[in-house]
Every structure is written in structure tokens, then in C-alpha cells.
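Read the structure below first, then the notes.
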Amino acid sequence: PRRTKKSGEETVTEGWASVQSSEGYIILSPLANLCYANTRWGSTRPVIRQCGHAAHLKCVETHTMSLHHRAAGDQPYDGRFAANIDDGEFLCPLCKQLSNILIPRDGCAREASKHTEDEKVTEINDGQNCWDSVSRVLAVPTPNDDKYSQIGREALKRFGESLLRAMVVPWERAGRRNQQRWNHMIQRWDYEDDAFSGDDQTTVKNVMTLIRQQHIAWSSLGHSASSSEASTRGVEEVTPFGTMSTTSDPWPDYNAESMDTHPMMLELRRTLAATSGLLEVLMKRMQDSSVAENANASQYGVLGVCLSEILTGKSWLWEAANGVVEKKEQLVQWSQLTALMSSMPCHVSRDGMLSQRHEARAAAATMWVLKGLGTVGPYEDLGADTSNFEHLPPTPVSVRQIQKTATGSIPQLKAGWGSMVPSVGAVSDSGMPFRPAVAASFFYTPLLAWDLSTLSGALFSTVMANKNDSLPSSSDLLHISKTLLLGRMIQSLITPCGVILSKSGEDEDILLDFWSEADIQKEGEAIVKIAQFCKNAISSKSLKIAKSLLVANDNVDFAKYHGAVGRSTLPFARTLLLLLRACWSTVKQRKKKGKVETNKSSADDKALDSLLVHDEILTFEDGLLLLREMGGPLPSELVELSSVTGTQNSWWGLIERWLAGVIGLELHHGSRGKCIINDIDPDATFSQIPPPSETKGSDEKPRAMDTDQEKTESVGMDDADDLLSDGDQMAMDDEEAIESVNMLDVMDMDNSEEEMVDFTEQAMENTTDTTSRNQADVSEDSSVDGSYGSAPLSPSQRLLDKEFACVARSPIIPYQASLLGTEPIGPGTRGAPFEVELASSVMRDMSHLGMIHKKDIATNCLIRLPKSFVELYSLVNKVKGRDGSSIDDNDDGGSTETAICLLTGNVMRSGSPRRPYGRSARPPGTCTLHARQVGSGIGIFFLVQKCTVLLMHNNKSAYSASLYVDQHGEEDPGLRRGRPLFLNEARFKALETLWRQAGVPREVAQIRSTSDRVIRDNWY
């Protein structure tokens, strides 16, 4: 759907596009806005579901080893047709549910030690600064003792390895090939090194792999809670008065008696404890690998300090905004590194969204960062002979462009820059860049640019990495939650389409149940002021945030702004409450187990308990109401603070720091040499950055865009409706721009030597195998010297650049979209057909935004099907362009069944069009490929000719109960009886619930393990 404005009228246009391929098996696809391959956070999120059974690590290892032995001997074994044991899958020996991970118990890494009398719990009094308290619990001290259980550390090691293996999806593992022309060090997902002799004599080893595992664990924790809350929010319920949307507590029967024993709470608590233990192991390994003399026990882990600074908004950008002259050289260094970090992906899954070439560039940039090569020295001036130098990556293009566009001398990144010491002496002492954190990029990403579900998982698990005598208090947990929820509100206000407005007068009746009419107007007016303030700050593109707010117009319907922001923050607020339940229960259990003496329950403890067991807290459909129940700052309070001088440590000062951080990140966007060095050092000057070019084809020269970019002026309150999105729109008014980008000419895509991002579903993709994509990666990079304004490379530098996937000349993320929509898209494939100017007006990177609740609209996980099967059959035939069910003459033995994806609405021909004789060489079918692309291997299809549901998980599929039955409730498999069939609402709802609860993989495994006949792998 998209909105157009004509003569003040609004129309919504919905459509479908035929993308039938030459093979004829992709028949119909819905119109897609744009691809999501060029986003920082990717499209896949991990979720952990548990069966609840416990086992010893050695016992499970023995069990899985026996499965492999029996499989090698071609003998039957448990889960032979249900689990891919080569991918780490197995069936639970007790309940036979599909599993691929073992979650260690809480505290398994650290040996039990009794609490001594000398160790007292630090009580936080009411007069202590809450920010200091939060920073203290986030800055976890580095491990300083040897009281670690070897078997516990081994269990956590296996936990991290299983997470990493699960995120490298099977088809990517099988399809990746070594590129002989690339350096072998960048062939892996994460750069690893055995040793490196540098200025600080630090061992690199596999630190980036460990950080990747930790990132996946954080994302698993946050999105497991997010998935749980979404399963009961916006559920469709049919009543005698019509269809309505309902929201309920995802943990039924959770109350004061069961708050520490509820099974769903225990499941999330186990994930929280394992994620926290994994961080302890990561810190211990980094500390053991560091040989720096100043790495002692009295220091704090740098990763926890980074998370603390993300939450509190403290960064080098805020120092640059305040003009800290004595740190000028250090700030210039940070600007160059931020240009690199803004171009690095933060994906948690290797699911094929980025091609092998771009992943190799990311690994090369990581290698450059970890070795601290810098922009000066022998690596950048190799001359004609490289035989005397180790093959090391050149400077990445985003940093190299800054150096090449500087007309004067600017401070260089010298070899050995930054630090590899994983600890700092004080919580506030983190001015020197920690190179592994720079390579990961997200540790220095501002809060407003984070995936907040992942960040919440990181924060709650990090505070639990403290010892029992330093665990967070209830006030600490509440303060973290309030800060995150406030960040979500600001994030939704600054992100395009982050807030969806309803029609005037529709929200006030619902809000009056919990708010007075005066409060509704007061909070709505404050929201409009804050939104205007954020818009003006972003439009100014300045780190110095103006301290002025506009006066709201009385004619504005403030209630709809109040309701819209409440719905935007609702999903994340519910996620925070679930994480609070698990975290607070873990704190109490650890103190009880460690026999930590504490005072009686404080007022904050009682307030938190009352909040968590509130009967209706998770039935509210207003995120601002949840913020009020937490005791957080409401918009009206924020507006009052904005007019008070000296608000540096207040909530309003926090918002200003957040905005400065995200604006600074945007000012470095695009891998085109953008920076703020000239703002830090007025003596530094830069040549004009070449504008993005319009590429019409490989033989046509690029056409430059107009470089005059006018700053967006502030709008008056008469135009307040333009501050936020209205309805299901894309935040633009140019319908022709959308259509032009959607209908890009991709016929010449194969002519480009570097693969293009996939804009349509599968129109031009060879679906027989992934070989064609891998072959495209083998070709030479299409970028040439001088592309995007870079200086030419010498012959030796060019050869070295090719060895490292052209990291010095080409971007890591192609056509990278702007976060706030204020900057043009980044460079991509030179010579490929692409409308840069039109794409820049449409493309937005919203991979960090998360879910938004819609008012009175049920969250339909599956597409709506006609009530009558005859109507569905007739519609499918009309779509296929046939008058009947006859098969085309060119059908050559492949599956001729028509499949409808119940997740996206795609109509396709199931199976592969041509079947080779050998099973080992059988290519994946169309449904399998489609499930990989849109569902990370999970899909739900309806087979029209069979009149049955097909469930899919990776290469395995299973038939499920049909959605259409006759008047007696009986199915008609294969349509043999010819009786009238009608949609069964109960079965449809059960299938939708299965999808909401992420139960498709286990359902496929259960059906296949209990059936006497199973579908061949990759058949559909």
C-alpha cells in the first residue's frame, strides 16, 4: 500500500506485480517497496525456545556422538528424518522435540563460594545519582580470580558455538566457496588470527568470533522476549458483535505466588543467565589474552563501559559538540573511525543478505582495525615492490576518502592506534578506542540507532554478570527500563514512519479510560513540541542542539499524537516488562543462593514487585501508560525540563546527547568521505565530495546529481501532521518516485561484474542452485580507480586491494540507505542500472526500528483466504492466466502444483521445474528457496491441488491439516470427492498461533518423526 496526495485528497493504492520467470514457476508476488539487503542490522533475528528438560553436558555429547556413528554406518537413529545432525540438530531424548542448543545453568562458570562477612552489599541510598549507580552495575569488573569451573566454561563455550552455528544457515554453509584470489584470512565470517606482534604485543586470536557469539546471545535474549509479547498482542478475536483485536499477558497465571516459578519466566531466566555467563567467559578470555602490564584486577571491562556510555549518551560526538579543544587530535581520529563504523554491518545472521564479496570486505576492514594499521606507514606507500611486506589490508574506502579529500594536513591514524587492552581504570575512562569494539561497530553506535530489543538484552544480561554482592538493585533495573523506553519514544519520533497517526477523534475515547481529558491534551501537546524539536535538530545537521521549542497550535488534535506515540512504544514496553520479570527473579534467586544479607525490602523493591504482578499491566495498549506506571518521565515533564538551565544530568540533557550522537552518525554516512573534522578543527579543509551518480547502464557514463542540498526549514504548527506518518504510508508524496524504484530495469543486472542488490522477489534469480551467485562473486570488482572521488591506486596497491576484496575502492554495504532520510544512499555497483536520486528519496534504513502496534487492527500473521475453496481455486487460475486446471505444454516433469505462501501471499509453482536423476544433485524447490528468502528457512504454504498445508523448515517439509473442510468437518485430500469445501476458522487460528509462537520447526520435526512416509528433502 502507498499513499498519494492529489488536490488535498488521499488515496491508498494496493497492487500486485507479475514476476513470472522464464521457467514459469513464479506466478505472482505482491508489490515490494525495496530490498532490505543493504541495512545495518539485517533482516533475521534469533529466538530461543526451550523444552524445559535438563541433562548433563557429557551425556548429551555422548548421545549426539552415537547419532553420528549410526548415521555414518547408514543405520536408523532417533530423528533420522526429522533433524539435520550435521547442522547440530537433535531430538530431545525425553520429549522428542527438535533441539539445536544446550543452555547452561545459572552460575555454571564460576565455582560456588560463600559470602564472607567482609563483603557487604552496597546499598544505594536515595541521594546517590541514579546514573552513577547504573554506570556502576554496567561496568562489570574484569575477572580477577581463578574460581572458574572448567566444565562450566566448556558448557558456555558450547552455548556460544551453537548460537553461531545456528546463525550460519545451512544453505550458506554449503554454498560458500573459497576464493583463491582473496586472502585466506578474510574467507571466514569473522577475522581470526593466531598472533600479532604489534606495539602492544597483544594476541588477537578469535576475539571477533567471541564478540559475534555475544551479540547473537544478546539478540536472542531480547527478541525471545519480544517474540513472546507479540504472540498475544493484536490477536484477532471473533465476537457476536464482529471482529476485534485483543491484547493479553503472554504469561498467563503469572502472579505474586508464581513470579519465581512460572515456566515461561524460567525459560527466559535461563536464557538471561546463559547470556550473562557467556559475557563472563568473553571477558575472561580477553583478559587472559592481554599481556598489558596495567591490566589488573581493579579495572572495569571496556565492553560494559561502552554499553554504559550508549545508555547515558556519552560519546566523543558530545565532546565535539561542546568544543573540547584539548582533545582535538583525538576527536579527529574518532571522526575517521566513525566513518568506518557507520559503513559496517551489524548482522546477527549469515543468511545471504550480504554476498560473499561484501562479507569479505567487512572481514578485511575488521583485520585492518584489529591490527591497528592506520593511514600512514609502509602499508599505504608500498611502492612497486611488495615482497618485503606482509600482505595486510589497505585502508577501507570510508577512511581513505577522508584522507584523499583533505586539502590540508589532518591528524593521521598512526599504526598501533587505539588499544587492545580489554579494561579501563575507571568507569568514565574510555577515551581511547578499543579496537575490537571498533571492528564490531555496534559498541560505539548511538542508542537511537540501535535495535533496542538487542540492546535491552545486552544491558540486562551485563548487569547480571556482577558478583552476588554487586548485583543491581530494583532502582537500577527500573532506571534502565525507563531510560530504554524513553529512548524508544525518541527513536520512533525521529525515524521515518516510526509513528502512525490515526484519524482525528479516534484515540480520545480509548485514552479516557486511563487518562483525564486535561492530561491527554497536555501530553499530546508536549509530544508535538518534542517531535518539532527533534525535527529541527535533525534538519540543522548540527551537533549543537538548539534549546528552543515551538508553541503548539490550539487547532491540532493532540489526542491522536498521544495515542500514536503510545502505540509505537507499546511492543517494546511489553518486552521490557518481560525482561524485568526475568532479571528481578534472577537477582533474588542469586542473593538467596549466595546467602547475601540484605536489608528489608525497600520502597523500590515493593514498587517493582507491584508493577510486575499487576493483573492488567500487559493488557494496556498504550506505551505511555506503561511508562507512567514505571515512574518514567512523561512528555510534559520533559518539556518542563527543557526550559530549565543546567539540565546536563536530567532527562532532557540525555535526549540532547542522544540526538547529537545519531546526527553525528548520519554526518558520516555513505562511505563517501563525509566527516566533521572541519567542525572540530577549523583549519582543516576538504575538497568537494563528488555527488552520487545516476547510473543507467554499464555503457553509459554516470550523470551527476544536483549537489545543492537545501536544508529543511522548520514547519509551523499548522503543518504538524507532517511531523509524523499518517496511515500506512512510506513518508513521501511522490508516487512516480516509488514506482520508478520498484520497477527498476534489472534485465542488465548480470552484465555488472559485482552482484546487484535484489529489488524484486525472485524475478531474475536462478533458483536451481546458489552456484550462479557464487560465480558472480568470483568476478572482478566493477569499481575502477577514481570511483566515488577516490585517488588512483598504484599497481602494487591495486593488486593488494584485489587480494582483500577491493576494500579500498568499494563499499561494504552496497547502496546503504540513510537512517534518518537526510543523506543520499551510499555508493554501489559502478555501471549498474540504478536511479540514485529517486532511491535516495525512498530508501530508509529502518532495520533497527522494531514493531509498531496498530490501533484496532489485528496483527494478521497469515494472509486472508476466501471462505469458499471454489473461489480460491478460481482466483488462482485467473492469476495463472488459465481458464482451467490444465498444465502448460512446457511443464517437463517437475512439480505442477500451485503453492500459495501464507506469509507473503506469493503464488508460485511448487517444486523445481527440472528434476535431475541423482538425489544428491537435486536442486531446492521453489517453496524452499522462497522460505529461505523471506523466513530464514521457515515457511507455511497452501498447496492448492492437494488442498493441504505445507510446513517447511530449511530443507525439510511436512504436510499439515487442511484449512478447508466440508460441512461435516472432513478434509478432501487431492480433491477426489468433489464436495464443497469451506475455510475452517479454528484450524486457521491454530496455524496462526503456531506461527506466532515460533513452533513451525518443532512441528515439522514431530510430524516427520511420527510418520511412516516423509517428503524428500528439498522437494518443494
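Simple scheme: letters A, B, ... for chains in C-alpha cells order, numbers from 1 for residues in each chain, numbers from 1 for ligands in the order shown.
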Closest atom pairs, stretch 156-247 of chain A residues within 12 Å of stretch 50-61 of chain A, only C-alpha atoms, as a tab-separated table:
```
residue	atom	partner	partner_atom	distance
A:Leu156	CA	A:Leu57	CA	10.4
A:Lys157	CA	A:Leu57	CA	11.5
A:Arg158	CA	A:Leu57	CA	9.4
A:Phe159	CA	A:Leu57	CA	10.7
A:Ser224	CA	A:Gln50	CA	10.7
```
Selection export as a CSV table (one decimal), in the first residue's frame, atoms kept: N, CA, C and O atoms:
```csv
chain,number,residue,atom,x,y,z
A,156,LEU,N,29.5,-23.2,28.5
A,156,LEU,CA,29.2,-21.8,28.0
A,156,LEU,C,29.9,-21.7,26.6
A,156,LEU,O,29.4,-21.0,25.7
A,157,LYS,N,31.1,-22.3,26.5
A,157,LYS,CA,31.7,-22.3,25.1
A,157,LYS,C,30.9,-23.0,24.1
A,157,LYS,O,30.7,-22.5,23.0
A,158,ARG,N,30.3,-24.2,24.4
A,158,ARG,CA,29.4,-24.9,23.5
A,158,ARG,C,28.2,-24.1,23.2
A,158,ARG,O,27.6,-24.1,22.1
A,159,PHE,N,27.7,-23.3,24.2
A,159,PHE,CA,26.5,-22.5,24.1
A,159,PHE,C,26.8,-21.4,23.0
A,159,PHE,O,25.9,-21.2,22.1
A,224,SER,N,13.7,-13.0,22.1
A,224,SER,CA,12.9,-14.0,22.6
A,224,SER,C,11.7,-13.4,23.5
A,224,SER,O,10.6,-13.8,23.4
```
Which polymer residues have any atom within 9 Å of an atom of A:His262, counting only C-alpha atoms, with same-chain residues fewer than 6 positions away left out, as a list of chain:residue names?
->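 Counting only the stated atoms, we get A:Trp251, A:Asp253, A:Tyr254, A:Asn255.
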Produce a file of the selected residues containing C-alpha atoms, as an mmCIF file, in the first residue's frame.
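Contents of the output file part_34.cif:
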```
data_model
loop_
_atom_site.group_PDB
_atom_site.id
_atom_site.type_symbol
_atom_site.label_atom_id
_atom_site.label_comp_id
_atom_site.auth_asym_id
_atom_site.auth_seq_id
_atom_site.Cartn_x
_atom_site.Cartn_y
_atom_site.Cartn_z
ATOM 1 C CA TRP A 251 2.497 -15.353 30.557
ATOM 2 C CA ASP A 253 -1.338 -17.120 35.545
ATOM 3 C CA TYR A 254 1.730 -15.025 36.377
ATOM 4 C CA ASN A 255 1.151 -13.595 39.859
#
```
Would you pick out the contacts of stretch 480-497 of chain A at 8 Å or less, using only C-alpha atoms, so that residues sharing its chain but fewer than 6 positions from it are not included, and give the list as a compact mmCIF listing (two decimals) with C-alpha atoms, in the first residue's frame?
```
# COMPACT_ATOMS: atom_id res chain seq x y z
CA VAL A 134 23.57 2.38 36.63
CA LEU A 311 22.74 4.31 27.59
CA LEU A 447 21.31 4.45 21.29
CA LEU A 448 18.82 5.89 18.80
CA ALA A 449 20.47 3.87 16.00
CA LEU A 452 16.62 -1.64 21.13
CA SER A 456 17.89 -4.33 26.20
CA ALA A 531 8.66 15.99 17.73
CA CYS A 534 13.73 16.60 17.13
CA LYS A 535 12.87 17.51 13.55
CA VAL A 565 3.25 7.52 20.26
CA SER A 568 4.71 2.99 18.75
CA THR A 569 6.26 2.34 22.14
CA PHE A 572 8.96 -2.52 23.29
CA ALA A 573 7.41 -1.55 26.64
CA LEU A 576 10.91 -4.60 28.81
CA LEU A 580 12.28 -7.11 34.09
CA LEU A 627 5.98 4.48 31.09
CA MET A 630 7.21 2.59 35.71
CA GLY A 631 7.61 6.09 37.07
CA GLY A 632 9.37 7.32 33.95
CA PRO A 633 9.40 10.88 32.59
CA ILE A 655 17.80 13.41 24.92
CA LEU A 724 4.67 12.09 11.88
CA SER A 725 3.43 9.49 9.44
CA GLN A 729 2.44 5.34 4.17
CA MET A 730 6.08 5.47 3.17
CA ALA A 731 6.70 9.07 4.27
CA LEU A 819 18.94 6.12 8.91
CA LEU A 820 17.01 9.38 9.16
CA GLY A 821 16.45 10.04 5.47
CA ARG A 844 15.35 4.31 4.55
CA MET A 846 14.65 1.02 9.44
CA LEU A 849 13.08 0.20 14.47
```
Exercise for review: Quick one: pick out all helix (DSSP H, G or I) residues within stretch 264-483 of chain A from a backbone DSSP run and write them as a VMD selection string.
Suggested key: chain A and resid 264 to 289 302 to 312 316 to 321 325 to 341 356 to 370 397 to 405 435 to 440 442 to 444 447 to 449 452 to 463 468 to 470 474 to 483
Go ahead and save the picked residues with C-alpha atoms, as a compact mmCIF listing (two decimals), in the first residue's frame.
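Generated file (out_25.txt):
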```txt
# COMPACT_ATOMS: atom_id res chain seq x y z
CA MET A 264 7.73 -19.16 30.83
CA MET A 265 9.58 -16.90 33.23
CA LEU A 266 12.02 -19.71 33.99
CA GLU A 267 12.62 -20.16 30.27
CA LEU A 268 13.56 -16.52 29.79
CA ARG A 269 15.56 -16.55 33.03
CA ARG A 270 17.69 -19.43 31.78
CA THR A 271 18.44 -17.54 28.58
CA LEU A 272 19.33 -14.44 30.60
CA ALA A 273 21.67 -16.39 32.89
CA ALA A 274 23.39 -18.16 29.98
CA THR A 275 23.88 -14.87 28.12
CA SER A 276 25.33 -13.31 31.25
CA GLY A 277 27.66 -16.27 31.77
CA LEU A 278 28.82 -16.05 28.16
CA LEU A 279 29.87 -12.44 28.80
CA GLU A 280 31.89 -13.55 31.82
CA VAL A 281 33.72 -16.10 29.68
CA LEU A 282 34.31 -13.48 26.96
CA MET A 283 35.81 -11.04 29.46
CA LYS A 284 37.93 -13.79 31.00
CA ARG A 285 39.30 -14.86 27.63
CA MET A 286 40.10 -11.30 26.59
CA GLN A 287 41.76 -10.65 29.93
CA ASP A 288 43.85 -13.82 29.69
CA SER A 289 44.99 -12.88 26.17
CA VAL A 302 35.64 -1.98 28.45
CA LEU A 303 32.59 -3.63 26.83
CA GLY A 304 30.42 -2.88 29.85
CA VAL A 305 31.71 0.70 29.91
CA CYS A 306 30.77 1.06 26.23
CA LEU A 307 27.23 -0.12 26.96
CA SER A 308 27.01 2.33 29.87
CA GLU A 309 28.04 5.21 27.61
CA ILE A 310 25.50 4.16 24.98
CA LEU A 311 22.74 4.31 27.59
CA THR A 312 23.83 7.65 29.02
CA TRP A 316 33.11 11.71 21.50
CA LEU A 317 30.38 13.43 19.46
CA TRP A 318 29.06 15.18 22.57
CA GLU A 319 32.59 16.35 23.36
CA ALA A 320 32.93 17.61 19.79
CA ALA A 321 29.64 19.50 20.15
CA VAL A 325 39.91 21.89 22.31
CA GLU A 326 42.48 19.87 24.26
CA LYS A 327 41.17 16.65 22.63
CA LYS A 328 41.25 17.95 19.05
CA GLU A 329 43.60 15.31 17.68
CA GLN A 330 41.73 12.52 19.44
CA LEU A 331 38.37 13.77 18.12
CA VAL A 332 39.71 13.90 14.57
CA GLN A 333 40.77 10.27 14.99
CA TRP A 334 37.29 9.36 16.24
CA SER A 335 35.66 11.04 13.22
CA GLN A 336 37.65 8.88 10.82
CA LEU A 337 36.79 5.73 12.76
CA THR A 338 33.10 6.67 12.90
CA ALA A 339 33.05 6.93 9.11
CA LEU A 340 34.20 3.31 9.04
CA MET A 341 31.83 2.11 11.77
CA GLN A 356 30.29 -13.27 -0.07
CA ARG A 357 32.16 -10.36 -1.61
CA HIS A 358 30.73 -7.81 0.82
CA GLU A 359 31.27 -10.08 3.80
CA ALA A 360 34.89 -10.48 2.72
CA ARG A 361 35.25 -6.70 2.65
CA ALA A 362 33.84 -6.50 6.16
CA ALA A 363 36.38 -9.10 7.30
CA ALA A 364 39.17 -7.15 5.58
CA ALA A 365 38.09 -3.95 7.33
CA THR A 366 37.98 -5.86 10.63
CA MET A 367 41.51 -7.12 10.00
CA TRP A 368 42.67 -3.55 9.30
CA VAL A 369 41.14 -2.35 12.56
CA LEU A 370 42.41 -5.16 14.79
CA VAL A 397 37.33 3.23 1.39
CA SER A 398 35.32 5.13 4.03
CA VAL A 399 38.52 6.20 5.85
CA ARG A 400 40.59 6.53 2.71
CA GLN A 401 38.13 9.00 1.23
CA ILE A 402 38.58 11.34 4.19
CA GLN A 403 42.34 11.32 3.74
CA LYS A 404 42.12 11.84 -0.01
CA THR A 405 39.61 14.70 0.10
CA ARG A 435 39.94 -1.84 18.51
CA PRO A 436 37.73 -4.98 18.78
CA ALA A 437 34.80 -2.72 19.70
CA VAL A 438 35.53 -0.51 16.70
CA ALA A 439 35.64 -3.59 14.46
CA ALA A 440 32.27 -4.74 15.82
CA PHE A 442 27.81 -1.51 17.44
CA PHE A 443 29.65 -0.81 20.71
CA TYR A 444 30.08 2.79 19.53
CA LEU A 447 21.31 4.45 21.29
CA LEU A 448 18.82 5.89 18.80
CA ALA A 449 20.47 3.87 16.00
CA LEU A 452 16.62 -1.64 21.13
CA SER A 453 15.44 -5.21 21.71
CA THR A 454 19.04 -6.37 21.26
CA LEU A 455 20.32 -3.50 23.39
CA SER A 456 17.89 -4.33 26.20
CA GLY A 457 19.14 -7.93 26.13
CA ALA A 458 22.71 -6.62 26.31
CA LEU A 459 22.05 -4.30 29.25
CA PHE A 460 20.02 -6.70 31.40
CA SER A 461 22.47 -9.57 30.87
CA THR A 462 25.51 -7.37 31.50
CA VAL A 463 24.30 -6.17 34.91
CA ASN A 468 26.34 -11.62 44.08
CA ASP A 469 27.43 -8.73 46.30
CA SER A 470 27.25 -6.23 43.41
CA SER A 474 15.43 -2.66 41.93
CA SER A 475 16.01 1.07 41.35
CA ASP A 476 18.83 0.23 38.91
CA LEU A 477 16.62 -2.10 36.89
CA LEU A 478 13.75 0.36 36.87
CA HIS A 479 16.01 3.20 35.80
CA ILE A 480 17.46 1.18 32.93
CA SER A 481 13.95 0.28 31.80
CA LYS A 482 12.70 3.87 31.96
CA THR A 483 15.73 5.08 30.02
```
Exercise for review: Could you check which of A:Asp86, A:Glu161, A:Glu629, A:Asp249 is closest to A:Ile211, using only C-alpha atoms?
Suggested key: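 That would be A:Glu161, the residue with the smallest distance to A:Ile211.
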Worksheet entry | Contacts of A:Gly313 within 9 Å, only C-alpha atoms, excl. fewer than 6 positions in-chain, as a PyMOL selection string | chain A and resi 446-447+654-661
- Polymer residues at most 12 Å from A:Arg976, only C-alpha atoms, same-chain spacing of 6 or more positions, as a VMD selection string: chain A and resid 945 to 947
Got time to write the residues from that selection, N, CA, C and O atoms, as a compact mmCIF listing (two decimals), in the first residue's frame?
```txt
# COMPACT_ATOMS: atom_id res chain seq x y z
N GLN A 945 -3.72 -27.82 -5.34
CA GLN A 945 -4.19 -29.07 -5.90
C GLN A 945 -4.32 -30.18 -4.85
O GLN A 945 -5.21 -31.01 -4.93
N LYS A 946 -3.47 -30.17 -3.87
CA LYS A 946 -3.56 -31.17 -2.80
C LYS A 946 -4.54 -30.75 -1.71
O LYS A 946 -4.94 -31.56 -0.88
N CYS A 947 -4.88 -29.47 -1.68
CA CYS A 947 -5.78 -28.91 -0.66
C CYS A 947 -5.27 -29.23 0.73
O CYS A 947 -5.98 -29.79 1.59
```
Margin query: Just checking: using only C-alpha atoms, which residue out of A:Ala406, A:Leu625, A:Leu862, A:Ala839 ends up closest to A:Cys675?
Written below: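 For A:Cys675, the nearest of the given residues is A:Ala406.
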To one decimal place in Å, what is the distance between atom CA of A:Gly524 and atom CA of A:Ser643?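 According to the coordinates, atom CA of A:Gly524 and atom CA of A:Ser643 are separated by 18.1 Å.
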Interatomic distance (Å, one decimal) between atom CA of A:Val879 and atom CA of A:Gly974 =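 Straight-line distance from atom CA of A:Val879 to atom CA of A:Gly974 works out to 20.9 Å.
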Which value, in Å to one decimal, gives the distance between atom CA of A:Pro1001 and atom CA of A:His953?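 According to the coordinates, atom CA of A:Pro1001 and atom CA of A:His953 are separated by 5.4 Å.
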